[in-house]
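Text of input.cif, listed as mmCIF, C-alpha atoms and all ligand atoms:
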data_protein
loop_
_atom_site.label_atom_id
_atom_site.label_comp_id
_atom_site.auth_asym_id
_atom_site.auth_seq_id
_atom_site.Cartn_x
_atom_site.Cartn_y
_atom_site.Cartn_z
CA MET K 1 -21.06 -2.56 -3.77
CA LYS K 2 -19.70 -0.73 -0.71
CA ILE K 3 -16.16 0.27 0.31
CA SER K 4 -16.51 -2.01 3.35
CA ASP K 5 -17.03 -5.00 0.99
CA PHE K 6 -13.31 -4.71 0.14
CA LYS K 7 -10.20 -5.32 2.25
CA HIS K 8 -8.50 -2.19 0.95
CA SER K 9 -9.10 0.82 -1.28
CA CYS K 10 -7.10 3.33 -3.28
CA SER K 11 -7.51 6.45 -5.37
CA PRO K 12 -7.34 6.31 -9.20
CA GLU K 13 -3.80 7.75 -9.20
CA HIS K 14 -2.51 4.69 -7.29
CA ALA K 15 -4.49 2.01 -9.16
CA VAL K 16 -1.90 1.09 -11.81
CA LYS K 17 0.88 1.00 -9.21
CA PHE K 18 -1.19 -1.33 -6.98
CA GLN K 19 -1.89 -3.60 -9.99
CA SER K 20 1.85 -3.88 -10.65
CA TRP K 21 2.58 -4.67 -6.99
CA ILE K 22 0.07 -7.52 -7.15
CA ALA K 23 1.53 -8.78 -10.43
CA SER K 24 5.23 -8.69 -9.50
CA ARG K 25 5.88 -7.61 -5.90
CA GLY K 26 3.93 -10.20 -3.91
CA GLY K 27 0.88 -7.99 -3.32
CA VAL K 28 -0.08 -4.75 -1.59
CA ALA K 29 0.91 -4.47 2.08
CA ASN K 30 -1.44 -2.32 4.18
CA TRP K 31 0.30 -1.01 7.33
CA LYS K 32 -1.69 0.54 10.18
CA SER K 33 -0.44 2.99 12.77
CA GLN K 34 0.15 1.27 16.14
CA GLU K 35 0.61 4.58 17.92
CA ILE K 36 -1.45 4.66 21.11
CA GLY K 37 -4.03 7.41 20.92
CA GLY K 38 -2.72 8.19 17.45
CA SER K 39 -4.55 8.56 14.23
CA GLN K 40 -6.10 5.77 12.19
CA GLN K 41 -3.43 6.47 9.58
CA SER K 42 -2.29 3.67 7.28
CA TRP K 43 0.33 3.23 4.59
CA SER K 44 0.54 1.01 1.51
CA THR K 45 3.77 -0.51 0.22
CA PRO K 46 4.60 -3.44 -2.04
CA ALA K 47 4.66 -6.69 -0.05
CA THR K 48 8.26 -7.34 -1.07
CA ILE K 49 11.39 -5.44 -2.04
CA ARG K 50 14.59 -6.49 -3.82
CA LEU K 51 17.36 -6.85 -1.24
CA GLY K 52 19.48 -4.57 -3.40
CA ASP K 53 16.88 -1.79 -3.15
CA CYS K 54 16.76 -1.73 0.67
CA ASP K 55 18.23 1.40 2.23
CA THR K 56 19.54 -0.64 5.12
CA ALA K 57 19.86 -4.32 4.29
CA PRO K 58 17.37 -6.13 6.52
CA SER K 59 18.73 -9.02 8.53
CA PHE K 60 18.24 -12.46 7.02
CA VAL K 61 16.88 -13.56 10.36
CA LEU K 62 14.01 -11.08 10.22
CA THR K 63 13.19 -11.40 6.57
CA LYS K 64 12.41 -14.35 4.37
CA PRO K 65 14.20 -14.25 1.03
CA ILE K 66 12.13 -15.73 -1.76
CA CYS K 67 13.44 -17.56 -4.85
CA PRO K 68 12.83 -15.26 -7.85
CA GLN K 69 11.92 -18.31 -9.96
CA CYS K 70 10.06 -20.69 -7.62
CA LYS K 71 8.52 -18.00 -5.35
CA ILE K 72 9.34 -20.11 -2.28
CA PRO K 73 11.54 -19.20 0.71
CA ILE K 74 15.24 -19.86 0.20
CA ARG K 75 18.24 -19.88 2.54
CA GLN K 76 21.50 -18.07 2.67
CA GLU K 77 24.45 -20.35 1.85
CA GLY K 78 27.94 -19.52 3.11
CA ALA K 79 28.25 -15.79 2.56
CA GLN K 80 31.57 -14.33 1.53
CA PRO K 81 32.31 -10.72 2.43
CA GLY K 82 30.74 -8.43 -0.15
CA GLN K 83 28.99 -11.25 -1.97
CA VAL K 84 25.96 -12.83 -0.37
CA LEU K 85 24.66 -15.79 -2.34
CA LEU K 86 21.35 -17.44 -1.82
CA HIS K 87 20.68 -21.00 -2.88
CA CYS K 88 17.33 -22.48 -3.81
CA THR K 89 17.10 -26.23 -3.27
CA ALA K 90 14.02 -26.49 -5.50
CA CYS K 91 15.60 -25.15 -8.71
CA SER K 92 19.24 -25.66 -7.58
CA GLN K 93 20.18 -22.11 -8.53
CA ASP K 94 22.27 -19.49 -6.76
CA PHE K 95 21.09 -15.90 -6.70
CA LYS K 96 22.80 -12.64 -5.86
CA ALA K 97 21.19 -10.75 -3.00
CA ASN K 98 20.27 -7.96 -5.41
CA ASP K 99 17.97 -10.28 -7.33
CA VAL K 100 16.17 -11.68 -4.30
CA LEU K 101 12.89 -10.39 -2.86
CA VAL K 102 12.39 -10.00 0.88
CA ASP K 103 9.46 -8.80 2.98
CA TYR K 104 9.09 -5.04 2.73
CA PRO K 105 10.35 -3.38 5.94
CA GLU K 106 7.92 -1.24 7.95
CA PRO K 107 7.70 2.16 6.22
CA ASN K 108 7.97 4.15 9.49
CA TRP K 109 8.18 3.71 13.26
CA ARG K 110 4.44 4.18 13.80
CA CYS K 111 3.76 0.80 12.20
CA GLY K 112 5.78 -1.00 14.89
CA LYS K 113 6.83 -4.54 14.05
CA VAL K 114 3.26 -5.67 13.42
CA PRO K 115 3.05 -7.43 10.05
CA PRO K 116 0.83 -5.66 7.55
CA THR K 117 -2.25 -7.10 5.92
CA ILE K 118 -1.07 -8.40 2.53
CA ILE K 119 -3.61 -8.23 -0.28
CA THR K 120 -2.70 -10.50 -3.18
CA ASP K 121 -6.00 -10.52 -5.10
CA ALA K 122 -6.94 -7.40 -7.06
CA LYS K 123 -10.63 -8.27 -6.46
CA ASP K 124 -10.12 -7.35 -2.77
CA ILE K 125 -9.19 -3.72 -3.53
CA CYS K 126 -11.59 -1.07 -4.77
CA VAL K 127 -10.61 2.06 -6.64
CA ILE K 128 -12.64 5.00 -5.31
CA VAL K 129 -13.47 7.55 -7.98
CA ASP K 130 -14.48 10.78 -6.25
CA LYS K 131 -16.49 13.71 -7.50
CA GLU K 132 -16.48 17.25 -6.18
CA ILE K 133 -19.82 18.19 -4.62
CA ASP K 134 -19.15 21.48 -2.90
CA ARG K 135 -16.61 24.27 -2.47
CA PHE K 136 -16.28 26.85 0.31
CA GLU K 137 -14.09 29.87 0.91
CA GLY K 138 -11.85 29.68 3.93
CA THR K 139 -9.39 27.36 5.60
CA ASN K 140 -11.31 25.82 8.51
CA LEU K 141 -12.17 22.20 7.71
CA ASN K 142 -14.16 21.97 10.95
CA CYS K 143 -16.48 24.87 10.26
CA ARG K 144 -20.21 24.26 10.35
CA ARG K 145 -20.89 24.55 6.57
CA VAL K 146 -18.18 22.02 5.72
CA GLN K 147 -19.26 19.58 8.43
CA ASP K 148 -22.90 19.87 7.27
CA ALA K 149 -21.91 19.11 3.67
CA ILE K 150 -20.00 16.04 4.86
CA SER K 151 -22.76 14.70 7.10
CA HIS K 152 -25.41 15.12 4.39
CA ASN K 153 -23.51 13.09 1.82
CA GLY K 154 -22.66 9.80 3.44
CA PRO K 155 -19.85 8.32 5.56
CA ASP K 156 -17.15 8.36 2.86
CA THR K 157 -17.48 12.06 2.09
CA TYR K 158 -14.45 14.15 3.03
CA ALA K 159 -13.10 17.68 2.74
CA GLN K 160 -9.70 18.85 1.57
CA PHE K 161 -8.02 22.24 1.39
CA ASP K 162 -7.17 23.33 -2.15
CA SER K 163 -4.12 25.61 -1.85
CA ARG K 164 -4.37 26.71 -5.49
CA THR K 165 -7.72 28.44 -4.96
CA ASP K 166 -7.66 28.87 -1.13
CA GLU K 167 -10.92 26.95 -0.91
CA ILE K 168 -12.17 23.91 0.93
CA VAL K 169 -13.43 21.25 -1.47
CA VAL K 170 -15.84 18.49 -0.47
CA PHE K 171 -15.62 15.14 -2.28
CA THR K 172 -17.84 12.07 -2.21
CA PRO K 173 -17.35 8.71 -3.97
CA GLU K 174 -18.94 8.70 -7.43
CA LYS K 175 -18.24 5.07 -8.20
CA LEU K 176 -16.24 2.09 -6.97
CA VAL K 177 -14.27 -0.03 -9.43
CA PRO K 178 -12.73 -3.35 -8.33
CA LEU K 179 -8.97 -3.12 -9.03
CA ASN K 180 -9.08 -6.21 -11.28
CA GLU K 181 -11.49 -4.33 -13.57
CA TRP K 182 -9.60 -1.01 -13.45
CA GLY K 183 -8.34 0.06 -16.90
CA ALA K 184 -10.50 -2.55 -18.62
CA GLU K 185 -13.46 -0.25 -19.26
ZN ZN C 1 14.07 -21.80 -6.97
#

Target format structure tokens, applied to this file:
Amino acid sequence: MKISDFKHSCSPEHAVKFQSWIASRGGVANWKSQEIGGSQQSWSTPATIRLGDCDTAPSFVLTKPICPQCKIPIRQEGAQPGQVLLHCTACSQDFKANDVLVDYPEPNWRCGKVPPTIITDAKDICVIVDKEIDRFEGTNLNCRRVQDAISHNGPDTYAQFDSRTDEIVVFTPEKLVPLNEWGAE
């Protein structure tokens, strides 16, 4: 089992949150930076958000409201000022905008308007459990000793500055747990 066998990965602290996004928010959206020459940075959000929770209400043209019951796209029916109602033809119910899920808006400008990869199956995400393998004094992540420790321990080894001890700590994956099995052990 390798990290590259999965579509996405997360740390243990995000595992329960990701499970809940898959269960009730339409999945985990993985956004990648579109900045030219920029970093390979990425961000994870739920795939959907309640219209009532949006900071700025996204336009109905750009988003696709989904029936909370049928989980299919629904349309806006004759909005009155201050009270947008959405009607689902499948279950013949009206919903207040606050109760309706829409696509999650891009979390920042670096993501552009490119749709994220949506992961809806917990089997496609691995939880990476790291272990500490080394510790150095200093602040320079690029120094020779740190880079040697990283290159000797495989491609997923990384270093992080620990501000509590003023040390550089090197971590490497200890085990990978598919998200659908996380918490079941
Ligand atoms: Zn419906």

| Long-range neighbours of Lys2 of chain K as a PyMOL selection string, 12 Å cut-off, only C-alpha atoms, 5 positions minimum in chain | chain K and resi 7-9+124-128+154-156+173-178

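Closest approach to ligand ZN 1 (chain C) from the set K:Ile133, K:Leu101, K:Val146, K:Cys88 is made by K:Cys88, with distances taken over all atoms listed in the file.
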
List all protein, DNA and RNA residues that have at least one atom no more than 8 Å from any atom of ligand ZN 1 (chain C), counting only C-alpha atoms and all ligand atoms, and write them as a PDB file with C-alpha atoms, in the coordinates of the input.
ATOM      1  CA  CYS K  67      13.440 -17.560  -4.850  1.00  0.00           C
ATOM      2  CA  PRO K  68      12.830 -15.260  -7.850  1.00  0.00           C
ATOM      3  CA  GLN K  69      11.920 -18.310  -9.960  1.00  0.00           C
ATOM      4  CA  CYS K  70      10.060 -20.690  -7.620  1.00  0.00           C
ATOM      5  CA  LYS K  71       8.520 -18.000  -5.350  1.00  0.00           C
ATOM      6  CA  ILE K  72       9.340 -20.110  -2.280  1.00  0.00           C
ATOM      7  CA  ILE K  74      15.240 -19.860   0.200  1.00  0.00           C
ATOM      8  CA  HIS K  87      20.680 -21.000  -2.880  1.00  0.00           C
ATOM      9  CA  CYS K  88      17.330 -22.480  -3.810  1.00  0.00           C
ATOM     10  CA  THR K  89      17.100 -26.230  -3.270  1.00  0.00           C
ATOM     11  CA  ALA K  90      14.020 -26.490  -5.500  1.00  0.00           C
ATOM     12  CA  CYS K  91      15.600 -25.150  -8.710  1.00  0.00           C
ATOM     13  CA  SER K  92      19.240 -25.660  -7.580  1.00  0.00           C
ATOM     14  CA  GLN K  93      20.180 -22.110  -8.530  1.00  0.00           C
TER      15      GLN K  93
END

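What separates atom CA of Val129 of chain K from atom CA of Cys10 of chain K is a distance of 9.0 Å.
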
Listed atoms of segment 107-115 of chain K boxed axis-aligned with 6 Å per side, centre + edges as JSON:
{"center_x": 5.6, "center_y": -1.6, "center_z": 10.6, "size_x": 17.1, "size_y": 23.6, "size_z": 20.7}

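Between Ala47 of chain K and the residues K:Asp103, K:Glu132, K:Asp148, K:Asp5, the shortest atom-to-atom distance, using all atoms listed in the file, involves K:Asp103.
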
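The gap separating atom CA of Gly183 of chain K from atom CA of Phe171 of chain K is 22.2 Å, in Å to one decimal.
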
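If you measure from each of K:Ser4, K:Ser44, K:Asn140, K:Thr172 to Pro107 of chain K using only C-alpha atoms, the closest one turns out to be K:Ser44.
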
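The coordinates place atom CA of Gln40 of chain K at 10.8 Å from atom CA of Arg110 of chain K.
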
| task | Pick out the closest residue to Pro73 of chain K from this set: K:Lys32, K:Ala149, K:Val100, K:Asp53. Count only C-alpha atoms. | result | K:Val100

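Nearest residue to Thr45 of chain K among K:Pro65, K:Pro12, K:Pro105, K:Gly138 is K:Pro105, counting all atoms listed in the file.
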
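Residue nearest Lys131 of chain K, chosen from K:Thr117, K:Thr157, K:Gln41, K:Asn108 and counting all atoms listed in the file: K:Thr157.
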
| request: Find the spatial neighbours of Asn180 of chain K, counting all atoms listed in the file, within a cut-off of 8 Å - ignore same-chain residues fewer than 3 positions away - and output them as a PyMOL selection string. | output: chain K and resi 19+122-123
